[in-house]
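Coordinates from my_file21.cif are shown below (mmCIF, C-alpha atoms).
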data_work
#
loop_
_atom_site.group_PDB
_atom_site.id
_atom_site.type_symbol
_atom_site.label_atom_id
_atom_site.label_comp_id
_atom_site.auth_asym_id
_atom_site.auth_seq_id
_atom_site.Cartn_x
_atom_site.Cartn_y
_atom_site.Cartn_z
ATOM 1 C CA MET A 1 77.758 84.483 102.648
ATOM 2 C CA THR A 2 79.892 82.377 104.950
ATOM 3 C CA VAL A 3 79.637 79.145 106.895
ATOM 4 C CA PRO A 4 81.168 78.092 110.212
ATOM 5 C CA GLY A 5 84.921 77.568 109.998
ATOM 6 C CA LEU A 6 85.546 80.056 107.201
ATOM 7 C CA PRO A 7 87.856 81.566 106.350
ATOM 8 C CA MET A 8 90.025 78.540 107.013
ATOM 9 C CA THR A 9 93.171 79.604 108.836
ATOM 10 C CA VAL A 10 96.280 78.893 106.783
ATOM 11 C CA PRO A 11 99.239 80.826 108.226
ATOM 12 C CA ALA A 12 101.794 82.266 105.850
ATOM 13 C CA PRO A 13 105.495 82.639 106.661
ATOM 14 C CA ASP A 14 107.140 85.919 107.603
ATOM 15 C CA LEU A 15 104.014 87.617 108.968
ATOM 16 C CA PRO A 16 103.587 89.265 112.370
ATOM 17 C CA ALA A 17 101.645 87.326 114.995
ATOM 18 C CA ARG A 18 99.414 90.314 115.704
ATOM 19 C CA VAL A 19 98.409 93.520 113.930
ATOM 20 C CA ARG A 20 97.103 96.673 115.546
ATOM 21 C CA ILE A 21 94.313 98.198 113.492
ATOM 22 C CA HIS A 22 94.251 101.983 113.632
ATOM 23 C CA GLU A 23 90.542 102.584 113.007
ATOM 24 C CA VAL A 24 89.883 105.823 111.106
ATOM 25 C CA GLY A 25 86.201 105.501 110.204
ATOM 26 C CA ALA A 26 84.920 107.999 112.766
ATOM 27 C CA ARG A 27 87.299 110.702 111.508
ATOM 28 C CA ASP A 28 88.682 110.007 108.053
ATOM 29 C CA GLY A 29 85.529 108.165 107.081
ATOM 30 C CA LEU A 30 82.949 110.715 108.206
ATOM 31 C CA GLN A 31 84.893 113.827 107.181
ATOM 32 C CA ASN A 32 84.176 113.070 103.535
ATOM 33 C CA GLU A 33 80.412 112.750 103.928
ATOM 34 C CA SER A 34 78.245 115.305 102.153
ATOM 35 C CA ALA A 35 75.814 115.367 105.072
ATOM 36 C CA THR A 36 76.757 116.066 108.667
ATOM 37 C CA VAL A 37 76.286 113.103 110.995
ATOM 38 C CA PRO A 38 74.734 114.064 114.369
ATOM 39 C CA THR A 39 77.159 114.192 117.285
ATOM 40 C CA ALA A 40 75.238 111.560 119.251
ATOM 41 C CA VAL A 41 75.468 109.150 116.312
ATOM 42 C CA LYS A 42 79.220 109.745 115.988
ATOM 43 C CA ALA A 43 79.691 109.056 119.698
ATOM 44 C CA ASP A 44 77.676 105.850 119.434
ATOM 45 C CA PHE A 45 79.753 104.857 116.400
ATOM 46 C CA VAL A 46 82.967 105.207 118.417
ATOM 47 C CA ARG A 47 81.453 103.229 121.305
ATOM 48 C CA ARG A 48 80.346 100.434 118.985
ATOM 49 C CA LEU A 49 83.777 100.275 117.376
ATOM 50 C CA ALA A 50 85.339 99.959 120.822
ATOM 51 C CA GLY A 51 82.806 97.280 121.695
ATOM 52 C CA ALA A 52 83.883 95.336 118.608
ATOM 53 C CA GLY A 53 87.425 95.117 119.970
ATOM 54 C CA LEU A 54 89.201 97.959 118.199
ATOM 55 C CA THR A 55 91.737 99.495 120.570
ATOM 56 C CA THR A 56 92.826 102.548 118.556
ATOM 57 C CA ILE A 57 89.955 104.664 117.218
ATOM 58 C CA GLU A 58 90.627 108.054 115.676
ATOM 59 C CA ALA A 59 87.834 110.113 117.164
ATOM 60 C CA THR A 60 87.749 113.481 115.405
ATOM 61 C CA SER A 61 89.754 116.403 114.067
ATOM 62 C CA PHE A 62 90.370 119.807 115.626
ATOM 63 C CA VAL A 63 90.567 121.488 112.243
ATOM 64 C CA HIS A 64 88.790 124.794 111.669
ATOM 65 C CA PRO A 65 85.126 124.054 110.794
ATOM 66 C CA LYS A 66 85.486 126.097 107.609
ATOM 67 C CA TRP A 67 87.734 123.400 106.149
ATOM 68 C CA VAL A 68 86.071 120.256 107.494
ATOM 69 C CA PRO A 69 82.502 121.194 108.519
ATOM 70 C CA GLN A 70 81.560 117.545 109.091
ATOM 71 C CA LEU A 71 83.845 117.511 112.163
ATOM 72 C CA ALA A 72 82.921 120.933 113.535
ATOM 73 C CA ASP A 73 81.551 119.289 116.690
ATOM 74 C CA ALA A 74 84.923 118.067 118.012
ATOM 75 C CA GLU A 75 84.484 119.918 121.330
ATOM 76 C CA GLU A 76 81.077 118.307 121.826
ATOM 77 C CA LEU A 77 82.045 114.833 120.655
ATOM 78 C CA PHE A 78 85.326 114.167 122.446
ATOM 79 C CA PRO A 79 83.970 114.476 126.020
ATOM 80 C CA LEU A 80 81.295 111.902 125.130
ATOM 81 C CA VAL A 81 83.874 109.216 124.350
ATOM 82 C CA ARG A 82 87.086 110.133 126.174
ATOM 83 C CA GLU A 83 86.427 107.742 129.068
ATOM 84 C CA LEU A 84 86.389 104.692 126.801
ATOM 85 C CA PRO A 85 89.220 102.230 127.611
ATOM 86 C CA VAL A 86 90.817 102.650 124.183
ATOM 87 C CA ASP A 87 93.283 105.034 122.529
ATOM 88 C CA LEU A 88 91.461 107.990 120.943
ATOM 89 C CA PRO A 89 93.878 109.965 118.747
ATOM 90 C CA VAL A 90 92.697 113.247 117.224
ATOM 91 C CA LEU A 91 94.043 115.340 114.363
ATOM 92 C CA VAL A 92 95.485 118.777 115.100
ATOM 93 C CA PRO A 93 96.552 121.026 112.203
ATOM 94 C CA ASN A 94 98.300 123.752 114.175
ATOM 95 C CA ALA A 95 98.925 125.228 117.632
ATOM 96 C CA ARG A 96 95.307 126.340 117.991
ATOM 97 C CA GLY A 97 94.052 122.854 117.204
ATOM 98 C CA LEU A 98 96.453 121.411 119.768
ATOM 99 C CA ASP A 99 95.214 123.875 122.390
ATOM 100 C CA ARG A 100 91.628 122.755 121.779
ATOM 101 C CA ALA A 101 92.555 119.083 121.980
ATOM 102 C CA LEU A 102 94.659 119.386 125.119
ATOM 103 C CA ALA A 103 91.955 121.408 126.867
ATOM 104 C CA LEU A 104 89.639 118.409 126.519
ATOM 105 C CA GLY A 105 92.177 115.919 127.809
ATOM 106 C CA ALA A 106 93.378 114.398 124.538
ATOM 107 C CA THR A 107 96.641 112.517 125.007
ATOM 108 C CA ARG A 108 97.221 111.235 121.486
ATOM 109 C CA VAL A 109 97.365 113.654 118.560
ATOM 110 C CA ALA A 110 98.322 113.536 114.911
ATOM 111 C CA VAL A 111 99.648 116.077 112.431
ATOM 112 C CA PHE A 112 99.186 115.654 108.698
ATOM 113 C CA ALA A 113 101.888 116.506 106.201
ATOM 114 C CA SER A 114 102.260 115.964 102.474
ATOM 115 C CA ALA A 115 105.022 114.419 100.422
ATOM 116 C CA THR A 116 104.164 116.698 97.487
ATOM 117 C CA GLU A 117 103.999 120.441 97.024
ATOM 118 C CA SER A 118 100.681 120.326 95.161
ATOM 119 C CA PHE A 119 98.827 118.536 97.918
ATOM 120 C CA ALA A 120 100.488 120.613 100.650
ATOM 121 C CA LYS A 121 99.092 123.682 98.890
ATOM 122 C CA ALA A 122 95.624 122.153 98.428
ATOM 123 C CA ASN A 123 95.358 120.738 101.935
ATOM 124 C CA LEU A 124 97.302 123.236 104.067
ATOM 125 C CA ASN A 125 97.836 126.246 101.790
ATOM 126 C CA ARG A 126 101.567 125.952 102.467
ATOM 127 C CA THR A 127 104.660 124.478 100.899
ATOM 128 C CA VAL A 128 105.925 121.170 102.274
ATOM 129 C CA ASP A 129 108.655 122.891 104.277
ATOM 130 C CA GLU A 130 106.306 125.619 105.538
ATOM 131 C CA ALA A 131 103.952 122.926 106.811
ATOM 132 C CA LEU A 132 106.801 121.128 108.558
ATOM 133 C CA ALA A 133 107.833 124.383 110.211
ATOM 134 C CA MET A 134 104.254 124.847 111.425
ATOM 135 C CA PHE A 135 104.154 121.338 112.884
ATOM 136 C CA ASP A 136 107.486 121.534 114.700
ATOM 137 C CA PRO A 137 106.266 123.537 117.743
ATOM 138 C CA VAL A 138 103.006 121.568 117.777
ATOM 139 C CA VAL A 139 104.855 118.264 118.041
ATOM 140 C CA SER A 140 107.300 119.657 120.601
ATOM 141 C CA ARG A 141 104.548 120.949 122.854
ATOM 142 C CA ALA A 142 102.465 117.790 122.563
ATOM 143 C CA ARG A 143 105.478 115.712 123.556
ATOM 144 C CA ALA A 144 106.286 118.097 126.409
ATOM 145 C CA GLU A 145 102.732 117.596 127.686
ATOM 146 C CA GLY A 146 103.339 113.851 127.750
ATOM 147 C CA GLY A 147 101.342 113.138 124.613
ATOM 148 C CA HIS A 148 101.879 110.629 121.827
ATOM 149 C CA VAL A 149 102.265 112.126 118.350
ATOM 150 C CA ARG A 150 101.547 110.454 115.037
ATOM 151 C CA GLY A 151 102.622 111.981 111.739
ATOM 152 C CA TYR A 152 100.447 111.366 108.697
ATOM 153 C CA LEU A 153 102.105 111.693 105.325
ATOM 154 C CA SER A 154 99.839 111.964 102.306
ATOM 155 C CA MET A 155 100.636 111.234 98.645
ATOM 156 C CA CYS A 156 103.428 108.763 99.389
ATOM 157 C CA PHE A 157 102.823 106.729 96.223
ATOM 158 C CA GLY A 158 101.324 109.127 93.707
ATOM 159 C CA ASP A 159 99.764 112.570 93.381
ATOM 160 C CA PRO A 160 96.793 113.576 91.178
ATOM 161 C CA TRP A 161 98.565 116.746 90.052
ATOM 162 C CA GLU A 162 102.213 115.645 90.002
ATOM 163 C CA GLY A 163 101.939 111.978 89.074
ATOM 164 C CA PRO A 164 104.679 109.652 90.394
ATOM 165 C CA VAL A 165 106.275 110.699 93.669
ATOM 166 C CA PRO A 166 110.005 109.877 93.975
ATOM 167 C CA VAL A 167 110.767 107.564 96.869
ATOM 168 C CA GLU A 168 113.545 109.841 98.110
ATOM 169 C CA GLN A 169 111.068 112.721 98.316
ATOM 170 C CA VAL A 170 108.854 110.695 100.664
ATOM 171 C CA VAL A 171 111.839 109.574 102.723
ATOM 172 C CA ARG A 172 112.943 113.189 103.249
ATOM 173 C CA VAL A 173 109.602 114.264 104.735
ATOM 174 C CA CYS A 174 109.307 111.103 106.838
ATOM 175 C CA ARG A 175 112.754 111.712 108.260
ATOM 176 C CA ALA A 176 111.815 115.319 109.065
ATOM 177 C CA LEU A 177 108.655 114.252 110.909
ATOM 178 C CA LEU A 178 110.556 111.660 112.903
ATOM 179 C CA ASP A 179 113.332 114.109 113.738
ATOM 180 C CA MET A 180 110.866 116.692 115.077
ATOM 181 C CA GLY A 181 109.495 114.131 117.508
ATOM 182 C CA CYS A 182 106.713 112.128 115.857
ATOM 183 C CA GLN A 183 106.702 108.676 117.429
ATOM 184 C CA GLU A 184 104.749 107.004 114.645
ATOM 185 C CA LEU A 185 104.375 107.670 110.922
ATOM 186 C CA SER A 186 101.446 106.669 108.727
ATOM 187 C CA LEU A 187 102.311 106.280 105.040
ATOM 188 C CA GLY A 188 99.293 107.368 103.022
ATOM 189 C CA ASP A 189 98.363 106.097 99.577
ATOM 190 C CA THR A 190 95.871 108.936 99.315
ATOM 191 C CA ILE A 191 94.610 108.214 95.809
ATOM 192 C CA GLY A 192 95.084 104.452 95.927
ATOM 193 C CA VAL A 193 97.693 104.036 93.196
ATOM 194 C CA ALA A 194 100.304 101.989 95.077
ATOM 195 C CA THR A 195 101.256 98.448 94.109
ATOM 196 C CA PRO A 196 103.087 95.893 96.297
ATOM 197 C CA GLY A 197 106.533 96.346 94.793
ATOM 198 C CA HIS A 198 106.323 100.092 95.320
ATOM 199 C CA VAL A 199 105.301 99.540 98.948
ATOM 200 C CA THR A 200 108.286 97.281 99.583
ATOM 201 C CA ALA A 201 110.662 99.699 97.869
ATOM 202 C CA LEU A 202 109.500 102.641 99.999
ATOM 203 C CA LEU A 203 109.683 100.692 103.255
ATOM 204 C CA THR A 204 113.182 99.487 102.374
ATOM 205 C CA ALA A 205 114.327 103.011 101.534
ATOM 206 C CA LEU A 206 112.935 104.303 104.831
ATOM 207 C CA ASN A 207 114.824 101.637 106.759
ATOM 208 C CA GLU A 208 118.010 102.550 104.913
ATOM 209 C CA ALA A 209 117.451 106.171 105.987
ATOM 210 C CA GLY A 210 117.251 105.135 109.622
ATOM 211 C CA VAL A 211 113.453 105.012 109.971
ATOM 212 C CA PRO A 212 112.632 101.830 111.918
ATOM 213 C CA THR A 213 109.832 99.600 110.688
ATOM 214 C CA GLU A 214 108.235 99.588 114.143
ATOM 215 C CA ALA A 215 107.613 103.348 113.785
ATOM 216 C CA LEU A 216 105.631 102.870 110.563
ATOM 217 C CA GLY A 217 101.983 102.293 109.802
ATOM 218 C CA VAL A 218 100.309 102.068 106.405
ATOM 219 C CA HIS A 219 97.155 103.767 105.150
ATOM 220 C CA PHE A 220 95.883 102.414 101.841
ATOM 221 C CA HIS A 221 92.931 103.460 99.715
ATOM 222 C CA ASP A 222 91.266 100.896 97.488
ATOM 223 C CA THR A 223 90.762 102.985 94.341
ATOM 224 C CA TYR A 224 92.312 100.331 92.090
ATOM 225 C CA GLY A 225 91.548 97.327 94.290
ATOM 226 C CA GLN A 226 95.126 97.113 95.600
ATOM 227 C CA ALA A 227 94.679 97.918 99.298
ATOM 228 C CA LEU A 228 94.798 94.349 100.641
ATOM 229 C CA ALA A 229 97.678 93.358 98.366
ATOM 230 C CA ASN A 230 99.621 96.417 99.472
ATOM 231 C CA THR A 231 98.839 95.690 103.114
ATOM 232 C CA LEU A 232 100.151 92.140 102.759
ATOM 233 C CA ALA A 233 103.382 93.485 101.240
ATOM 234 C CA ALA A 234 103.772 95.820 104.220
ATOM 235 C CA LEU A 235 103.111 93.014 106.709
ATOM 236 C CA ARG A 236 105.733 90.848 105.050
ATOM 237 C CA HIS A 237 108.175 93.704 105.544
ATOM 238 C CA GLY A 238 107.391 93.702 109.269
ATOM 239 C CA VAL A 239 104.817 96.501 109.587
ATOM 240 C CA THR A 240 102.318 95.774 112.385
ATOM 241 C CA THR A 241 100.082 98.882 112.311
ATOM 242 C CA VAL A 242 97.459 99.171 109.583
ATOM 243 C CA ASP A 243 94.961 101.991 109.154
ATOM 244 C CA ALA A 244 91.466 100.933 108.105
ATOM 245 C CA SER A 245 87.958 102.333 108.104
ATOM 246 C CA ALA A 246 84.861 100.465 109.273
ATOM 247 C CA GLY A 247 82.665 99.723 106.292
ATOM 248 C CA GLY A 248 85.219 101.237 103.908
ATOM 249 C CA LEU A 249 84.055 104.776 104.652
ATOM 250 C CA GLY A 250 86.069 107.755 103.556
ATOM 251 C CA GLY A 251 88.198 109.383 100.965
ATOM 252 C CA CYS A 252 89.827 112.788 101.031
ATOM 253 C CA PRO A 253 87.948 116.090 100.593
ATOM 254 C CA PHE A 254 91.059 117.739 99.140
ATOM 255 C CA ALA A 255 91.857 115.055 96.536
ATOM 256 C CA LYS A 256 88.791 114.271 94.463
ATOM 257 C CA SER A 257 90.297 111.103 92.989
ATOM 258 C CA ALA A 258 90.655 109.561 96.449
ATOM 259 C CA THR A 259 87.997 106.925 97.010
ATOM 260 C CA GLY A 260 87.324 104.844 100.087
ATOM 261 C CA ASN A 261 89.768 103.591 102.648
ATOM 262 C CA LEU A 262 90.594 99.944 103.121
ATOM 263 C CA ALA A 263 87.552 98.444 104.856
ATOM 264 C CA THR A 264 88.327 97.199 108.354
ATOM 265 C CA GLU A 265 86.130 94.145 107.838
ATOM 266 C CA ASP A 266 87.981 93.159 104.658
ATOM 267 C CA LEU A 267 91.283 93.514 106.499
ATOM 268 C CA VAL A 268 90.095 91.423 109.453
ATOM 269 C CA TRP A 269 88.830 88.674 107.124
ATOM 270 C CA MET A 270 92.212 88.439 105.393
ATOM 271 C CA LEU A 271 94.181 88.510 108.640
ATOM 272 C CA ARG A 272 91.973 85.838 110.177
ATOM 273 C CA GLY A 273 92.652 83.561 107.224
ATOM 274 C CA LEU A 274 96.377 84.174 107.687
ATOM 275 C CA GLY A 275 96.229 83.406 111.408
ATOM 276 C CA VAL A 276 97.184 86.974 112.383
ATOM 277 C CA GLU A 277 95.498 88.177 115.576
ATOM 278 C CA THR A 278 93.611 91.491 115.733
ATOM 279 C CA GLY A 279 91.317 91.100 118.753
ATOM 280 C CA VAL A 280 88.366 92.235 116.627
ATOM 281 C CA ASP A 281 84.927 90.620 116.792
ATOM 282 C CA LEU A 282 84.022 90.550 113.114
ATOM 283 C CA ASP A 283 80.295 90.015 113.650
ATOM 284 C CA ALA A 284 80.082 93.021 115.972
ATOM 285 C CA LEU A 285 82.101 95.126 113.534
ATOM 286 C CA VAL A 286 79.897 94.170 110.585
ATOM 287 C CA ALA A 287 76.798 95.016 112.615
ATOM 288 C CA THR A 288 78.310 98.405 113.436
ATOM 289 C CA SER A 289 79.021 99.185 109.784
ATOM 290 C CA VAL A 290 75.509 98.111 108.760
ATOM 291 C CA TRP A 291 74.113 100.384 111.470
ATOM 292 C CA MET A 292 76.199 103.335 110.272
ATOM 293 C CA ALA A 293 75.319 102.660 106.635
ATOM 294 C CA ALA A 294 71.657 102.977 107.588
ATOM 295 C CA HIS A 295 72.366 106.390 109.132
ATOM 296 C CA LEU A 296 74.210 107.447 105.968
ATOM 297 C CA GLY A 297 71.435 106.143 103.722
ATOM 298 C CA ARG A 298 73.515 103.837 101.544
ATOM 299 C CA PRO A 299 75.046 100.344 101.724
ATOM 300 C CA SER A 300 78.588 99.781 102.905
ATOM 301 C CA PRO A 301 81.158 99.396 100.105
ATOM 302 C CA SER A 302 82.966 96.691 102.120
ATOM 303 C CA ARG A 303 82.756 93.330 100.362
ATOM 304 C CA THR A 304 82.924 91.490 103.680
ATOM 305 C CA VAL A 305 80.085 93.549 105.140
ATOM 306 C CA ARG A 306 77.949 92.764 102.111
ATOM 307 C CA ALA A 307 78.822 89.068 102.205
ATOM 308 C CA LEU A 308 77.932 88.750 105.893
ATOM 309 C CA THR A 309 74.770 90.867 105.804
ATOM 310 C CA PRO A 310 71.533 88.986 105.080
ATOM 311 C CA ARG A 311 69.089 90.160 102.470
ATOM 312 C CA PRO A 312 65.633 91.013 103.829
ATOM 313 C CA ASP A 313 64.243 87.643 102.714
ATOM 314 C CA GLU A 314 66.857 85.437 104.410
ATOM 315 C CA PRO A 315 67.879 84.737 108.011
ATOM 316 C CA ALA A 316 70.782 86.543 109.638
ATOM 317 C CA ARG A 317 74.196 84.975 109.096
ATOM 318 C CA THR A 318 76.996 85.057 111.608
ATOM 319 C CA ASN A 319 80.622 84.172 111.275
ATOM 320 C CA ARG A 320 80.917 81.385 113.824
ATOM 321 C CA SER A 321 84.672 81.266 113.384
ATOM 322 C CA SER A 322 84.980 84.523 115.343
ATOM 323 C CA PRO A 323 87.856 84.408 117.836
ATOM 324 C CA THR A 324 87.326 84.896 121.539
ATOM 325 C CA SER A 325 86.040 88.425 122.034
ATOM 326 C CA HIS A 326 88.388 91.094 123.339
ATOM 327 C CA LYS A 327 86.457 91.184 126.598
ATOM 328 C CA GLU A 328 87.469 87.584 127.304
ATOM 329 C CA GLN A 329 91.118 87.821 126.329
#
Take the structure I supplied and represent it as structure tokens, if you would.
Amino acid sequence: MTVPGLPMTVPAPDLPARVRIHEVGARDGLQNESATVPTAVKADFVRRLAGAGLTTIEATSFVHPKWVPQLADAEELFPLVRELPVDLPVLVPNARGLDRALALGATRVAVFASATESFAKANLNRTVDEALAMFDPVVSRARAEGGHVRGYLSMCFGDPWEGPVPVEQVVRVCRALLDMGCQELSLGDTIGVATPGHVTALLTALNEAGVPTEALGVHFHDTYGQALANTLAALRHGVTTVDASAGGLGGCPFAKSATGNLATEDLVWMLRGLGVETGVDLDALVATSVWMAAHLGRPSPSRTVRALTPRPDEPARTNRSSPTSHKEQ
């Protein structure tokens, strides 16, 4: 539990003043659920996340329902949330997925590549280079339509089939995604094996290859409890975009050793203690994750959600150190 004034803000040197959280709970979180969440609940989830101050919320994926049945309702869901005053990126795997997204008015899309051959085969049934060739016209058309394109890169720090992934191998695919027109890259620690030194080494190598830090985001899984430590290493390098999932939802349906994403609440708690702004109302976010956990029938794995959620026999606790809400800023 917490008390007013905690966490105490103690700024650390060499950190950005503000971090943009790229919220992935509604897509990356829910796509790994065994049960399908009703469309109306998903839409309410996105609305609640926006109400908590998150400004980038990944809404859904226009992948064929055969591969990700939990997100088969993309055409029904997106119109329910597209008028929200936030960025709503969606995943598109190919030209057909882009067509579906553009037809509904999506302006921010993402493609998802792999740094390893094994995962490219498991996730896309293609080699790394075949997948890049498939994405090239998708990125070009999205940019021609005035859209913003993000490139996800999985298995940047380790692969369950191949083991260690050479840094230069990751740099090559990142450079290819940037060269084809992706405006932002998300470096994925898909199975959660990264450690801070590895994070710094990869970011440094990317810079040396001409990939600017401002084009990079990080996407850590907490399999070995390293997600916050790895995030801090990335922030110290200058990264200002961090992917996180409300309540710690998610994993990866194509990599069974991938456990949950970094919980957004845990990230916000750490950043608040460091004096780094996010614009997120932590109490509202915790309430949203508790609400979604009830729909999923299990408690949230986020430590911060659990710490700030009262047991049935005690009064509700709030974090009175919450910053001014995003609606007042």
List the spatial neighbours of A:Thr39 as a list in words - criterion: any atom at most 10 Å away, all atoms listed in the file, same-chain residues fewer than 4 positions off excluded.
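Contacts, with the query itself left out: Ala43, Asp44, Phe45, Gln70, Leu71, Ala72, Asp73, Ala74, Glu76, Leu77, Phe78 and Leu80 of chain A.
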Nearest residue to A:Ala194 out of A:Arg100, A:Arg82, A:His221, A:Lys42, using all atoms listed in the file?
A:His221
Closest-contact table, stretch 192-279 of chain A side, partner stretch 140-151 of chain A, 12 Å, counting only C-alpha atoms, as JSON lines:
{"residue": "A:Ala215", "atom": "CA", "partner": "A:Arg150", "partner_atom": "CA", "distance": 9.4}
{"residue": "A:Leu216", "atom": "CA", "partner": "A:Gly151", "partner_atom": "CA", "distance": 9.7}
{"residue": "A:Gly217", "atom": "CA", "partner": "A:Arg150", "partner_atom": "CA", "distance": 9.7}
{"residue": "A:Val218", "atom": "CA", "partner": "A:Gly151", "partner_atom": "CA", "distance": 11.5}
{"residue": "A:His219", "atom": "CA", "partner": "A:Gly151", "partner_atom": "CA", "distance": 11.9}
{"residue": "A:Thr241", "atom": "CA", "partner": "A:Arg150", "partner_atom": "CA", "distance": 12.0}
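Relative to atom CA of A:Thr56, atom CA of A:Val86 is found at 6.0 Å.
Distances here use all atoms listed in the file; by that measure, the residue among A:Pro299, A:Gly247, A:Pro16, A:Gly5 closest to A:Thr278 is A:Pro16.
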I'd like the interatomic distance between atom CA of A:Ser300 and atom CA of A:Leu274, to a tenth of an Å.
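For atom CA of A:Ser300 relative to atom CA of A:Leu274, the distance reads 24.1 Å.
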Find, counting all atoms listed in the file, the residue in A:Pro93, A:Pro301, A:Gly197, A:Pro79 that gets nearest to A:Pro65.
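Among the listed residues, the smallest separation from A:Pro65 belongs to A:Pro93.
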Using all atoms listed in the file, determine which residues lie at most 12 Å from A:Asp28, disregarding the query and same-chain residues fewer than 5 positions distant; provide the list as an NGL selection string.
:A and (22-23 or 33 or 57-61 or 68 or 70-71 or 89-91 or 112 or 152 or 190 or 219 or 221 or 243-246 or 248-253 or 258-262)
Which of these, A:Met180, A:Val242, A:Ala17, A:Leu124, has the shortest distance to A:Val139 once you count only C-alpha atoms?
A:Met180
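Across A:Thr231, A:Gly25, A:Trp269, A:Phe135, the tightest approach to A:Gly181 is made by A:Phe135 when counting only C-alpha atoms.
You can rank A:Thr107, A:Thr55, A:Thr304, A:Ser114 by their closest distance to A:Asp283 using only C-alpha atoms, and at the top of that list sits A:Thr304.
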Expressed in Å to a single decimal, how great is the separation between atom CA of A:Ser34 and atom CA of A:Val111?
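About the pair atom CA of A:Ser34 and atom CA of A:Val111: they are 23.8 Å apart.
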On this structure, the PyMOL selection byres ((chain A and resi 237) around 9) would catch which residues? List them as a list in words, sorted by chain and number.
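Selected by the PyMOL selection byres ((chain A and resi 237) around 9) here: Asp14, Leu15, Thr200, Leu203, Thr204, Thr213, Leu232, Ala233, Ala234, Leu235, Arg236, Gly238 and Val239 of chain A.
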Output C-alpha atoms of each residue in that selection to a file, as a compact mmCIF listing (two decimals), in the frame of the given file.
# COMPACT_ATOMS: atom_id res chain seq x y z
CA ASP A 14 107.14 85.92 107.60
CA LEU A 15 104.01 87.62 108.97
CA THR A 200 108.29 97.28 99.58
CA LEU A 203 109.68 100.69 103.26
CA THR A 204 113.18 99.49 102.37
CA THR A 213 109.83 99.60 110.69
CA LEU A 232 100.15 92.14 102.76
CA ALA A 233 103.38 93.48 101.24
CA ALA A 234 103.77 95.82 104.22
CA LEU A 235 103.11 93.01 106.71
CA ARG A 236 105.73 90.85 105.05
CA GLY A 238 107.39 93.70 109.27
CA VAL A 239 104.82 96.50 109.59
Translate the PyMOL selection byres ((chain A and resi 286) around 10), as applied to the file shown, into an explicit residue set as an mmCIF file with C-alpha atoms, in the frame of the given file.
data_model
loop_
_atom_site.group_PDB
_atom_site.id
_atom_site.type_symbol
_atom_site.label_atom_id
_atom_site.label_comp_id
_atom_site.auth_asym_id
_atom_site.auth_seq_id
_atom_site.Cartn_x
_atom_site.Cartn_y
_atom_site.Cartn_z
ATOM 1 C CA LEU A 49 83.777 100.275 117.376
ATOM 2 C CA ALA A 52 83.883 95.336 118.608
ATOM 3 C CA ALA A 246 84.861 100.465 109.273
ATOM 4 C CA GLY A 247 82.665 99.723 106.292
ATOM 5 C CA THR A 264 88.327 97.199 108.354
ATOM 6 C CA GLU A 265 86.130 94.145 107.838
ATOM 7 C CA ASP A 281 84.927 90.620 116.792
ATOM 8 C CA LEU A 282 84.022 90.550 113.114
ATOM 9 C CA ASP A 283 80.295 90.015 113.650
ATOM 10 C CA ALA A 284 80.082 93.021 115.972
ATOM 11 C CA LEU A 285 82.101 95.126 113.534
ATOM 12 C CA ALA A 287 76.798 95.016 112.615
ATOM 13 C CA THR A 288 78.310 98.405 113.436
ATOM 14 C CA SER A 289 79.021 99.185 109.784
ATOM 15 C CA VAL A 290 75.509 98.111 108.760
ATOM 16 C CA TRP A 291 74.113 100.384 111.470
ATOM 17 C CA MET A 292 76.199 103.335 110.272
ATOM 18 C CA SER A 300 78.588 99.781 102.905
ATOM 19 C CA SER A 302 82.966 96.691 102.120
ATOM 20 C CA THR A 304 82.924 91.490 103.680
ATOM 21 C CA VAL A 305 80.085 93.549 105.140
ATOM 22 C CA ARG A 306 77.949 92.764 102.111
ATOM 23 C CA ALA A 307 78.822 89.068 102.205
ATOM 24 C CA LEU A 308 77.932 88.750 105.893
ATOM 25 C CA THR A 309 74.770 90.867 105.804
ATOM 26 C CA THR A 318 76.996 85.057 111.608
#
Let me have the centre and edge lengths in Å, one decimal, of the box along x, y and z around every listed atom of stretch 128-135 of chain A with 4 Å of margin on each side, as JSON.
{"center_x": 106.3, "center_y": 123.4, "center_z": 107.6, "size_x": 12.7, "size_y": 12.5, "size_z": 18.6}
